[in-house]
Structure formats: structure tokens, C-alpha cells
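Listing of upload_5.cif; format and content: mmCIF, C-alpha atoms.
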```cif
data_final
loop_
_atom_site.label_atom_id
_atom_site.label_comp_id
_atom_site.auth_asym_id
_atom_site.auth_seq_id
_atom_site.Cartn_x
_atom_site.Cartn_y
_atom_site.Cartn_z
CA MET A 1 106.98 135.11 190.98
CA LYS A 2 110.59 136.30 190.81
CA VAL A 3 113.07 133.81 189.42
CA THR A 4 116.78 134.56 189.07
CA VAL A 5 119.78 132.59 187.87
CA ASP A 6 123.22 133.26 189.28
CA THR A 7 125.14 133.02 186.02
CA THR A 8 128.44 132.61 187.87
CA LYS A 9 127.14 129.33 189.35
CA CYS A 10 125.34 127.87 186.32
CA ASP A 11 127.28 125.05 184.64
CA GLY A 12 124.77 124.39 181.87
CA HIS A 13 123.33 121.06 183.05
CA GLU A 14 119.91 122.08 181.58
CA LYS A 15 117.93 120.41 184.38
CA CYS A 16 115.97 123.63 184.91
CA VAL A 17 114.98 123.67 181.23
CA GLN A 18 113.81 120.09 181.48
CA ALA A 19 111.75 120.79 184.64
CA ALA A 20 110.28 124.16 183.61
CA PRO A 21 110.77 124.69 179.86
CA ASN A 22 108.43 127.68 179.73
CA VAL A 23 110.56 129.55 182.28
CA PHE A 24 114.16 128.72 181.39
CA LYS A 25 116.26 128.49 178.24
CA MET A 26 119.95 128.07 177.58
CA ASN A 27 121.78 130.98 176.00
CA GLU A 28 124.55 130.77 173.42
CA ARG A 29 127.12 130.19 176.21
CA PHE A 30 125.01 127.30 177.63
CA ILE A 31 124.06 129.33 180.69
CA ALA A 32 120.44 129.26 181.88
CA GLU A 33 118.30 132.37 181.45
CA VAL A 34 114.82 133.17 182.69
CA THR A 35 112.44 133.81 179.79
CA ASP A 36 109.15 134.04 181.72
CA SER A 37 109.00 133.94 185.53
CA ASN A 38 105.34 132.94 185.36
CA GLY A 39 105.61 130.50 182.44
CA ASP A 40 105.07 127.37 184.54
CA THR A 41 103.49 126.48 187.86
CA SER A 42 105.26 127.52 191.03
CA GLU A 43 105.72 123.83 191.83
CA LYS A 44 107.61 123.23 188.57
CA ILE A 45 109.73 126.35 189.08
CA VAL A 46 110.70 125.39 192.63
CA LEU A 47 111.44 121.85 191.44
CA ALA A 48 113.74 123.28 188.76
CA ALA A 49 115.58 125.28 191.43
CA ARG A 50 115.83 122.26 193.75
CA ILE A 51 117.29 119.94 191.10
CA CYS A 52 119.87 122.45 189.87
CA PRO A 53 123.21 120.75 190.65
CA THR A 54 124.92 124.06 191.40
CA LYS A 55 121.97 125.70 193.23
CA ALA A 56 122.16 128.66 190.85
CA ILE A 57 118.41 129.45 190.95
CA THR A 58 116.56 131.59 193.46
CA VAL A 59 112.76 131.71 193.59
CA ALA A 60 110.59 134.20 195.48
CA ASP A 61 106.84 134.72 195.49
CA ASP A 62 105.13 137.98 194.55
CA ASP A 63 105.32 139.14 198.17
CA GLY A 64 109.09 138.68 198.21
CA LYS A 65 109.07 135.54 200.37
CA THR A 66 111.90 133.23 199.32
CA LEU A 67 110.60 129.84 198.20
CA PHE A 68 114.02 128.47 197.30
CA PRO A 69 116.55 128.16 198.72
CA ASP A 70 114.81 127.30 201.96
CA SER A 71 115.61 129.63 204.81
#
```

As C-alpha cells, what does this structure read like?
Amino acid sequence: MKVTVDTTKCDGHEKCVQAAPNVFKMNERFIAEVTDSNGDTSEKIVLAARICPTKAITVADDDGKTLFPDS
């Protein structure tokens, strides 16, 4: 799983941390960071991306297929 956060879009709402706490954390500037792309289930990770108010998270599977955002 490849999970990325566009730090220019993240506004620090922490919804990703709430949905997938083993994948995301907030840094000292209250911007989300990925700590472990495989720390939670793919369902939780995609949910975290979907509920991000600014759509700052991109998720792809190990084959490079984008899971979120939907194409």
C-alpha cells in the first residue's frame, strides 16, 4: 500500500488519525504524516482518505492502482 499526504492541502482536521491511527499522525505543525502505510487495513486507510475534508490523501495498492481518489 502506498499512502501519501499532500501537505499543501492538509488543514489539520485529524480525521485521518481518528480513522487510521496506526497509519497517520499529526506533526508539530498539525499537518498529517504517514507513519506506516500498512499499519491498518486497506478499508480503514481508504476511509481515512475519503473523510479528509480537503482530500489531501492519496491511496494506491501495491500494484500501483489508485484506490482513492476514485478515477

Please evaluate the PyMOL selection byres ((chain A and resi 6-21) around 8) against the displayed coordinates and give the resulting residues as a PDB file with C-alpha atoms, in the coordinates of the input.
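selection-v4.pdb was written with the following content:
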```pdb
ATOM      1  CA  THR A   4     116.780 134.560 189.070  1.00  0.00           C
ATOM      2  CA  VAL A   5     119.780 132.590 187.870  1.00  0.00           C
ATOM      3  CA  ASN A  22     108.430 127.680 179.730  1.00  0.00           C
ATOM      4  CA  VAL A  23     110.560 129.550 182.280  1.00  0.00           C
ATOM      5  CA  PHE A  24     114.160 128.720 181.390  1.00  0.00           C
ATOM      6  CA  LYS A  25     116.260 128.490 178.240  1.00  0.00           C
ATOM      7  CA  MET A  26     119.950 128.070 177.580  1.00  0.00           C
ATOM      8  CA  PHE A  30     125.010 127.300 177.630  1.00  0.00           C
ATOM      9  CA  ILE A  31     124.060 129.330 180.690  1.00  0.00           C
ATOM     10  CA  ALA A  32     120.440 129.260 181.880  1.00  0.00           C
ATOM     11  CA  GLY A  39     105.610 130.500 182.440  1.00  0.00           C
ATOM     12  CA  ASP A  40     105.070 127.370 184.540  1.00  0.00           C
ATOM     13  CA  LYS A  44     107.610 123.230 188.570  1.00  0.00           C
ATOM     14  CA  ILE A  45     109.730 126.350 189.080  1.00  0.00           C
ATOM     15  CA  LEU A  47     111.440 121.850 191.440  1.00  0.00           C
ATOM     16  CA  ALA A  48     113.740 123.280 188.760  1.00  0.00           C
ATOM     17  CA  ALA A  49     115.580 125.280 191.430  1.00  0.00           C
ATOM     18  CA  ILE A  51     117.290 119.940 191.100  1.00  0.00           C
ATOM     19  CA  CYS A  52     119.870 122.450 189.870  1.00  0.00           C
ATOM     20  CA  PRO A  53     123.210 120.750 190.650  1.00  0.00           C
ATOM     21  CA  THR A  54     124.920 124.060 191.400  1.00  0.00           C
ATOM     22  CA  LYS A  55     121.970 125.700 193.230  1.00  0.00           C
ATOM     23  CA  ALA A  56     122.160 128.660 190.850  1.00  0.00           C
ATOM     24  CA  ILE A  57     118.410 129.450 190.950  1.00  0.00           C
TER      25      ILE A  57
END
```

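If you look at atom CA of A:Asp63 and atom CA of A:Asp36, they are 17.6 Å away from each other.
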
Notebook entry, point to check: At what distance in Å, to one decimal, does atom CA of A:Thr58 lie from atom CA of A:Asn27?
Noted result: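 Interatomic distance, atom CA of A:Asn27 to atom CA of A:Thr58: 18.2 Å.
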
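The space between atom CA of A:Thr35 and atom CA of A:Ala60 spans 15.8 Å.
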
Notebook entry, point to check: Applied to this file, what does the PyMOL selection byres ((chain A and resi 62) around 12) return in terms of residues, put as a list in words?
Noted result: Met1, Lys2, Val3, Ser37, Asn38, Ser42, Val59, Ala60, Asp61, Asp63, Gly64, Lys65, Thr66 and Leu67 of chain A

What would stretch 29-41 of chain A look like with N, CA, C and O atoms in place, written as a short mmCIF file (atom, residue, chain, number, x, y, z; two decimals), keeping the file's coordinate frame?
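Final output, saved to out_18.cif:
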```cif
data_model
loop_
_atom_site.label_atom_id
_atom_site.label_comp_id
_atom_site.auth_asym_id
_atom_site.auth_seq_id
_atom_site.Cartn_x
_atom_site.Cartn_y
_atom_site.Cartn_z
N ARG A 29 125.98 130.65 175.41
CA ARG A 29 127.12 130.19 176.21
C ARG A 29 126.74 128.99 177.08
O ARG A 29 127.51 128.59 177.96
N PHE A 30 125.54 128.43 176.87
CA PHE A 30 125.01 127.30 177.63
C PHE A 30 124.85 127.64 179.11
O PHE A 30 125.11 126.80 179.98
N ILE A 31 124.39 128.86 179.35
CA ILE A 31 124.06 129.33 180.69
C ILE A 31 122.54 129.55 180.71
O ILE A 31 121.98 130.13 179.78
N ALA A 32 121.89 129.13 181.79
CA ALA A 32 120.44 129.26 181.88
C ALA A 32 120.03 130.72 182.01
O ALA A 32 120.70 131.52 182.67
N GLU A 33 118.91 131.05 181.36
CA GLU A 33 118.30 132.37 181.45
C GLU A 33 116.82 132.19 181.73
O GLU A 33 116.21 131.21 181.31
N VAL A 34 116.25 133.17 182.43
CA VAL A 34 114.82 133.17 182.69
C VAL A 34 114.13 133.89 181.53
O VAL A 34 114.47 135.02 181.21
N THR A 35 113.18 133.20 180.90
CA THR A 35 112.44 133.81 179.79
C THR A 35 111.07 134.32 180.23
O THR A 35 110.57 135.29 179.68
N ASP A 36 110.47 133.64 181.22
CA ASP A 36 109.15 134.04 181.72
C ASP A 36 108.98 133.49 183.13
O ASP A 36 108.76 132.29 183.31
N SER A 37 109.08 134.36 184.13
CA SER A 37 109.00 133.94 185.53
C SER A 37 107.67 133.29 185.89
O SER A 37 107.57 132.60 186.90
N ASN A 38 106.66 133.51 185.09
CA ASN A 38 105.34 132.94 185.36
C ASN A 38 104.93 131.92 184.30
O ASN A 38 103.76 131.61 184.15
N GLY A 39 105.91 131.39 183.56
CA GLY A 39 105.61 130.50 182.44
C GLY A 39 105.19 129.10 182.83
O GLY A 39 104.63 128.37 182.00
N ASP A 40 105.47 128.68 184.05
CA ASP A 40 105.07 127.37 184.54
C ASP A 40 104.52 127.53 185.95
O ASP A 40 104.59 128.61 186.53
N THR A 41 104.03 126.43 186.51
CA THR A 41 103.49 126.48 187.86
C THR A 41 104.61 126.74 188.86
O THR A 41 105.79 126.43 188.59
#
```
